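Dropping protein.cif in here (mmCIF, C-alpha atoms):
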data_my_file
#
loop_
_atom_site.label_atom_id
_atom_site.label_comp_id
_atom_site.auth_asym_id
_atom_site.auth_seq_id
_atom_site.Cartn_x
_atom_site.Cartn_y
_atom_site.Cartn_z
CA MET L 1 60.48 93.52 86.87
CA LYS L 2 63.38 94.02 84.46
CA LYS L 3 64.32 97.30 86.17
CA LEU L 4 64.33 95.57 89.56
CA PHE L 5 66.55 92.80 88.19
CA LYS L 6 69.01 95.33 86.78
CA ALA L 7 69.08 97.19 90.07
CA LEU L 8 69.83 93.97 91.93
CA LEU L 9 72.65 93.21 89.50
CA LEU L 10 74.19 96.62 90.20
CA VAL L 11 73.99 96.04 93.95
CA VAL L 12 75.65 92.65 93.59
CA ALA L 13 78.39 94.07 91.34
CA PHE L 14 79.12 96.88 93.80
CA ALA L 15 79.23 94.47 96.72
CA THR L 16 81.61 92.24 94.81
CA VAL L 17 84.03 95.09 94.08
CA SER L 18 83.90 96.26 97.70
CA PHE L 19 84.58 92.82 99.17
CA ILE L 20 87.97 93.63 100.65
CA SER L 21 87.04 95.87 103.50
CA SER L 22 83.36 95.82 104.40
CA GLU L 23 84.29 95.62 108.07
CA LYS L 24 87.84 96.98 108.02
CA GLU L 25 89.02 100.55 108.38
CA THR L 26 92.55 99.89 107.17
CA ILE L 27 93.59 98.24 103.92
CA THR L 28 97.05 96.70 103.77
CA VAL L 29 98.71 96.57 100.36
CA VAL L 30 102.04 95.01 99.46
CA VAL L 31 103.68 96.93 96.62
CA ASP L 32 106.05 94.62 94.78
CA ALA L 33 108.47 96.55 92.57
CA GLY L 34 109.55 94.04 89.94
CA HIS L 35 113.14 92.93 89.34
CA GLY L 36 116.06 94.70 91.07
CA GLY L 37 119.80 94.34 91.49
CA HIS L 38 121.35 92.30 88.69
CA ASP L 39 117.87 91.55 87.32
CA PHE L 40 117.23 94.58 85.09
CA GLY L 41 113.96 93.43 83.53
CA GLY L 42 113.17 95.24 80.28
CA LYS L 43 115.69 97.71 78.90
CA HIS L 44 115.86 100.60 76.42
CA ASP L 45 119.20 102.37 76.14
CA ASP L 46 119.99 103.32 79.74
CA MET L 47 116.37 103.02 80.92
CA LEU L 48 115.72 99.91 83.01
CA GLU L 49 112.44 98.33 84.05
CA LYS L 50 113.72 97.72 87.59
CA ASP L 51 114.32 101.46 88.05
CA LEU L 52 110.93 102.49 86.68
CA ALA L 53 109.13 99.96 88.90
CA ASN L 54 111.00 101.22 91.95
CA ALA L 55 110.40 104.87 91.03
CA ILE L 56 106.63 104.37 90.78
CA SER L 57 106.67 102.31 93.98
CA LYS L 58 108.25 105.29 95.74
CA LYS L 59 105.68 107.64 94.18
CA ILE L 60 102.89 105.52 95.64
CA GLU L 61 104.51 105.77 99.05
CA ALA L 62 105.13 109.51 98.77
CA LEU L 63 101.62 110.38 97.55
CA ASN L 64 99.77 108.26 100.09
CA SER L 65 98.07 110.64 102.52
CA ASP L 66 95.41 108.17 103.69
CA LYS L 67 96.27 106.87 107.15
CA ASN L 68 93.89 103.96 106.51
CA ILE L 69 96.04 102.64 103.66
CA LYS L 70 99.00 100.70 105.01
CA LEU L 71 101.72 100.16 102.41
CA LEU L 72 104.35 97.44 102.66
CA PHE L 73 107.13 96.82 100.13
CA THR L 74 109.01 93.75 98.92
CA ARG L 75 111.95 96.03 98.14
CA ASP L 76 112.59 99.72 98.71
CA ASP L 77 115.91 100.08 96.92
CA ASP L 78 117.87 98.55 94.06
CA LYS L 79 118.34 95.06 95.41
CA PHE L 80 117.59 91.63 94.02
CA VAL L 81 114.85 89.77 95.87
CA GLU L 82 114.11 86.15 94.96
CA LEU L 83 110.55 85.45 93.85
CA ALA L 84 110.11 82.89 96.64
CA GLU L 85 111.29 85.46 99.17
CA ARG L 86 108.71 87.91 97.88
CA THR L 87 105.83 85.46 98.18
CA ASN L 88 107.01 84.17 101.56
CA TYR L 89 106.89 87.74 102.81
CA ILE L 90 103.48 88.34 101.24
CA ASN L 91 102.00 85.21 102.77
CA SER L 92 103.48 85.99 106.17
CA VAL L 93 101.94 89.49 106.38
CA LYS L 94 98.67 88.45 104.65
CA PRO L 95 97.81 91.81 103.06
CA ASP L 96 94.45 92.60 101.51
CA LEU L 97 96.06 93.06 98.12
CA VAL L 98 99.37 92.66 96.26
CA LEU L 99 100.27 95.02 93.42
CA SER L 100 103.30 93.86 91.46
CA LEU L 101 104.70 96.71 89.33
CA HIS L 102 106.28 96.01 85.95
CA VAL L 103 106.96 97.62 82.59
CA ASN L 104 106.49 95.69 79.36
CA ASN L 105 108.95 95.19 76.50
CA ASN L 106 108.46 94.00 72.93
CA LYS L 107 110.58 93.65 69.80
CA ASN L 108 107.71 95.30 67.93
CA ILE L 109 108.11 98.93 68.96
CA THR L 110 104.54 99.77 67.88
CA THR L 111 103.11 97.51 70.59
CA SER L 112 101.83 99.75 73.36
CA GLY L 113 99.55 100.13 76.35
CA PHE L 114 98.95 98.96 79.89
CA GLU L 115 97.55 95.61 80.99
CA ILE L 116 96.86 93.75 84.21
CA PHE L 117 97.60 90.09 84.85
CA VAL L 118 96.09 87.67 87.34
CA SER L 119 96.80 83.96 87.80
CA ASP L 120 94.09 81.33 87.49
CA LYS L 121 96.44 79.06 89.49
CA SER L 122 96.00 81.27 92.55
CA VAL L 123 93.70 80.37 95.44
CA ALA L 124 92.53 83.99 95.27
CA TYR L 125 91.96 84.05 91.50
CA GLU L 126 88.31 85.12 91.55
CA LYS L 127 88.90 88.03 93.90
CA SER L 128 92.05 89.00 92.00
CA ASN L 129 90.13 89.06 88.74
CA GLU L 130 87.31 91.16 90.19
CA LEU L 131 89.78 93.75 91.40
CA ALA L 132 91.74 93.70 88.15
CA GLN L 133 88.58 94.38 86.14
CA LYS L 134 87.93 97.47 88.25
CA LEU L 135 91.50 98.75 88.25
CA VAL L 136 91.89 98.41 84.48
CA LEU L 137 88.86 100.70 84.04
CA ASP L 138 90.36 103.21 86.48
CA PHE L 139 93.56 103.16 84.43
CA GLU L 140 91.56 103.65 81.24
CA LYS L 141 89.94 106.77 82.70
CA ASN L 142 93.14 108.32 84.02
CA ILE L 143 96.11 106.99 82.05
CA PRO L 144 96.46 108.19 78.43
CA LEU L 145 97.73 104.85 77.10
CA LYS L 146 96.00 102.00 75.30
CA ASN L 147 93.97 99.63 77.49
CA ARG L 148 95.10 96.07 76.71
CA GLY L 149 92.74 94.60 79.29
CA VAL L 150 93.00 91.92 81.97
CA LYS L 151 94.84 88.70 81.17
CA THR L 152 95.86 85.52 82.95
CA ALA L 153 99.43 84.30 83.37
CA PRO L 154 101.13 81.83 85.74
CA PHE L 155 103.54 84.43 87.12
CA PHE L 156 105.19 83.15 90.30
CA VAL L 157 104.18 86.03 92.60
CA LEU L 158 100.58 85.83 91.39
CA SER L 159 100.33 82.05 91.55
CA LYS L 160 101.95 81.60 94.95
CA SER L 161 100.38 84.54 96.80
CA GLU L 162 97.52 83.38 99.02
CA VAL L 163 95.76 86.74 98.76
CA PRO L 164 94.44 88.79 95.81
CA ALA L 165 97.41 89.73 93.63
CA LEU L 166 97.71 91.73 90.40
CA THR L 167 100.63 92.39 88.08
CA LEU L 168 100.44 95.85 86.56
CA GLU L 169 102.27 96.20 83.25
CA MET L 170 102.21 99.98 83.15
CA GLY L 171 103.30 100.49 79.55
CA PHE L 172 105.98 99.40 77.08
CA ILE L 173 109.53 100.62 77.57
CA SER L 174 110.06 99.66 73.92
CA ASN L 175 107.35 102.06 72.65
CA GLN L 176 108.31 105.73 72.42
CA ASN L 177 104.93 107.14 73.46
CA ASP L 178 104.60 104.77 76.42
CA ARG L 179 108.23 105.31 77.39
CA ASN L 180 107.89 109.09 77.38
CA TYR L 181 104.85 108.82 79.64
CA ILE L 182 106.10 106.27 82.18
CA THR L 183 109.46 108.01 82.57
CA SER L 184 107.89 111.45 83.09
CA GLU L 185 107.15 112.98 86.48
CA GLU L 186 103.57 113.63 85.46
CA GLY L 187 103.04 110.10 84.19
CA GLN L 188 104.49 108.45 87.27
CA ASN L 189 102.41 110.66 89.54
CA GLN L 190 99.23 109.86 87.59
CA ILE L 191 99.89 106.13 87.76
CA ALA L 192 100.65 106.26 91.48
CA GLN L 193 97.61 108.41 92.28
CA THR L 194 95.29 106.21 90.22
CA ILE L 195 96.49 103.19 92.18
CA LEU L 196 96.00 104.98 95.51
CA ASN L 197 92.50 106.17 94.55
CA PHE L 198 91.63 102.61 93.56
CA VAL L 199 92.83 101.21 96.89
CA SER L 200 91.04 103.95 98.84
CA GLY L 201 87.80 103.10 97.04
CA LEU L 202 87.93 99.53 98.30
CA LYS L 203 87.30 100.54 101.90
#

Could you quickly redo this structure as structure tokens?
Amino acid sequence: MKKLFKALLLVVAFATVSFISSEKETITVVVDAGHGGHDFGGKHDDMLEKDLANAISKKIEALNSDKNIKLLFTRDDDKFVELAERTNYINSVKPDLVLSLHVNNNKNITTSGFEIFVSDKSVAYEKSNELAQKLVLDFEKNIPLKNRGVKTAPFFVLSKSEVPALTLEMGFISNQNDRNYITSEEGQNQIAQTILNFVSGLK
């Protein structure tokens, strides 16, 4: 009886993770590269968060070979886009998922690792959290940085999006090990491919 119960739990867990596209062939994802223009985000010497977010956004686009993954972008160059403009766009196209790309910063240079944020103020909080829990494990398997887990925060894009939305903090620009990884070609490709594999697995 216990084995049957465990088996049922696994089936339920799998169904929960696969909720996005049980009847859809194409998954639409809005990639939201954080900051832009005069809004630099985090900074270390001449390295800027806005540039790293945009670079990885472009890697996701370049590496996507799955015709059933439709990618849309809140910005595709170095321009400032208001938060309300981002969420208005997101809610107008109604994607299956929003991935907001960011890089962390901390005065304590030993602080390191990746983390994923969701908003408990969002109408799609439960679905967002389910997806975040899966993606953070995918990152743990493929990204050689510390896993800081899934957290909640009232970030505007997360709170105001009417669809599942995650903020990916892909490492700390203030930490040398993280910085070396997220500014490298290999690191950016690994991050982008992990994200694409995750999205592909939701179909």

| message | Give me the residues near stretch 109-114 of chain L as number ranges by chain, where near means some atom within 9 Å (using all atoms listed in the file) and where sequence neighbours in that chain fewer than 2 positions away do not count. | response | L: 103-107, 116, 136, 139-140, 143-149, 168-178

Selection export as a short mmCIF file (atom, residue, chain, number, x, y, z; two decimals), keeping the file's coordinate frame, atoms kept: C-alpha atoms:
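This is the output file result_32.cif:
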data_model
loop_
_atom_site.label_atom_id
_atom_site.label_comp_id
_atom_site.auth_asym_id
_atom_site.auth_seq_id
_atom_site.Cartn_x
_atom_site.Cartn_y
_atom_site.Cartn_z
CA VAL L 103 106.96 97.62 82.59
CA ASN L 104 106.49 95.69 79.36
CA ASN L 105 108.95 95.19 76.50
CA ASN L 106 108.46 94.00 72.93
CA LYS L 107 110.58 93.65 69.80
CA ILE L 116 96.86 93.75 84.21
CA VAL L 136 91.89 98.41 84.48
CA PHE L 139 93.56 103.16 84.43
CA GLU L 140 91.56 103.65 81.24
CA ILE L 143 96.11 106.99 82.05
CA PRO L 144 96.46 108.19 78.43
CA LEU L 145 97.73 104.85 77.10
CA LYS L 146 96.00 102.00 75.30
CA ASN L 147 93.97 99.63 77.49
CA ARG L 148 95.10 96.07 76.71
CA GLY L 149 92.74 94.60 79.29
CA LEU L 168 100.44 95.85 86.56
CA GLU L 169 102.27 96.20 83.25
CA MET L 170 102.21 99.98 83.15
CA GLY L 171 103.30 100.49 79.55
CA PHE L 172 105.98 99.40 77.08
CA ILE L 173 109.53 100.62 77.57
CA SER L 174 110.06 99.66 73.92
CA ASN L 175 107.35 102.06 72.65
CA GLN L 176 108.31 105.73 72.42
CA ASN L 177 104.93 107.14 73.46
CA ASP L 178 104.60 104.77 76.42
#

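For L:Ser128, the set of protein, DNA and RNA residues having any atom at most 10 Å away, when counting only C-alpha atoms and skipping those fewer than 2 positions along the same chain, is L:Leu97, L:Val98, L:Phe117, L:Val118, L:Ser119, L:Asp120, L:Ser122, L:Val123, L:Ala124, L:Tyr125, L:Glu126, L:Glu130, L:Leu131, L:Ala132, L:Gln133, L:Leu158, L:Val163, L:Pro164, L:Ala165, L:Leu166.
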
Expressed in Å, the length from atom CA of L:Leu101 to atom CA of L:Lys160 is 16.4 Å

**Q.** Pick from L:Asn88, L:Asn54, L:Asn68, L:Thr167, whichever lies nearest to L:Leu135 using only C-alpha atoms
**A.**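 Nearest candidate to L:Leu135 out of L:Asn88, L:Asn54, L:Asn68, L:Thr167: L:Thr167.
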
Point-to-point distance in Å for atom CA of L:Thr74 and atom CA of L:Gly37: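 That distance, rounded to one decimal, is 13.1 Å.
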
**Asked** Quick one: of L:His44, L:Lys67, L:Ser200, L:Thr152, who's nearest to L:Thr183, counting only C-alpha atoms?
**Response**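 Once distances to L:Thr183 are computed over only C-alpha atoms, the minimum belongs to L:His44.
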
The distance between atom CA of L:Thr26 and atom CA of L:Phe155 is 27.6 Å

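Here the question is which of L:Ser159, L:Ala192, L:Leu83, L:Asp32 gets nearest to L:Ala62 using only C-alpha atoms, and that residue is L:Ala192.
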
List every protein, DNA or RNA residue with an atom no more than 10 Å from (114.6, 100.1, 84.7) in the file's coordinates, counting all atoms listed in the file, and format the result as a PDB file with C-alpha atoms, in the coordinates of the input.
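Saved as out20.pdb:
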ATOM      1  CA  GLY L  34     109.550  94.040  89.940  1.00  0.00           C
ATOM      2  CA  HIS L  35     113.140  92.930  89.340  1.00  0.00           C
ATOM      3  CA  GLY L  36     116.060  94.700  91.070  1.00  0.00           C
ATOM      4  CA  ASP L  39     117.870  91.550  87.320  1.00  0.00           C
ATOM      5  CA  PHE L  40     117.230  94.580  85.090  1.00  0.00           C
ATOM      6  CA  GLY L  41     113.960  93.430  83.530  1.00  0.00           C
ATOM      7  CA  GLY L  42     113.170  95.240  80.280  1.00  0.00           C
ATOM      8  CA  LYS L  43     115.690  97.710  78.900  1.00  0.00           C
ATOM      9  CA  HIS L  44     115.860 100.600  76.420  1.00  0.00           C
ATOM     10  CA  ASP L  45     119.200 102.370  76.140  1.00  0.00           C
ATOM     11  CA  ASP L  46     119.990 103.320  79.740  1.00  0.00           C
ATOM     12  CA  MET L  47     116.370 103.020  80.920  1.00  0.00           C
ATOM     13  CA  LEU L  48     115.720  99.910  83.010  1.00  0.00           C
ATOM     14  CA  GLU L  49     112.440  98.330  84.050  1.00  0.00           C
ATOM     15  CA  LYS L  50     113.720  97.720  87.590  1.00  0.00           C
ATOM     16  CA  ASP L  51     114.320 101.460  88.050  1.00  0.00           C
ATOM     17  CA  LEU L  52     110.930 102.490  86.680  1.00  0.00           C
ATOM     18  CA  ALA L  53     109.130  99.960  88.900  1.00  0.00           C
ATOM     19  CA  ASN L  54     111.000 101.220  91.950  1.00  0.00           C
ATOM     20  CA  ALA L  55     110.400 104.870  91.030  1.00  0.00           C
ATOM     21  CA  HIS L 102     106.280  96.010  85.950  1.00  0.00           C
ATOM     22  CA  VAL L 103     106.960  97.620  82.590  1.00  0.00           C
ATOM     23  CA  ILE L 173     109.530 100.620  77.570  1.00  0.00           C
ATOM     24  CA  THR L 183     109.460 108.010  82.570  1.00  0.00           C
TER      25      THR L 183
END

Edge lengths and centre in Å, axis-aligned, stretch 50-58 of chain L plus 6 Å each side, as JSON:
{"center_x": 110.5, "center_y": 101.5, "center_z": 91.2, "size_x": 19.7, "size_y": 19.6, "size_z": 21.1}

Given the PyMOL selection byres ((chain L and resi 27) around 8), the residues it picks as a list in words: Ile20, Ser21, Lys24, Glu25, Thr26, Thr28, Val29, Asn68, Ile69, Lys70, Pro95, Asp96, Val199 and Lys203 of chain L

L:Lys121 proximity check over L:Ile182, L:Leu137, L:Val157, L:Ile195, using all atoms listed in the file: winner is L:Val157

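In terms of minimum interatomic distance to L:Thr87, L:Ser161 ranks closest within L:Ser161, L:Lys141, L:Leu72, L:Asp66, counting only C-alpha atoms.
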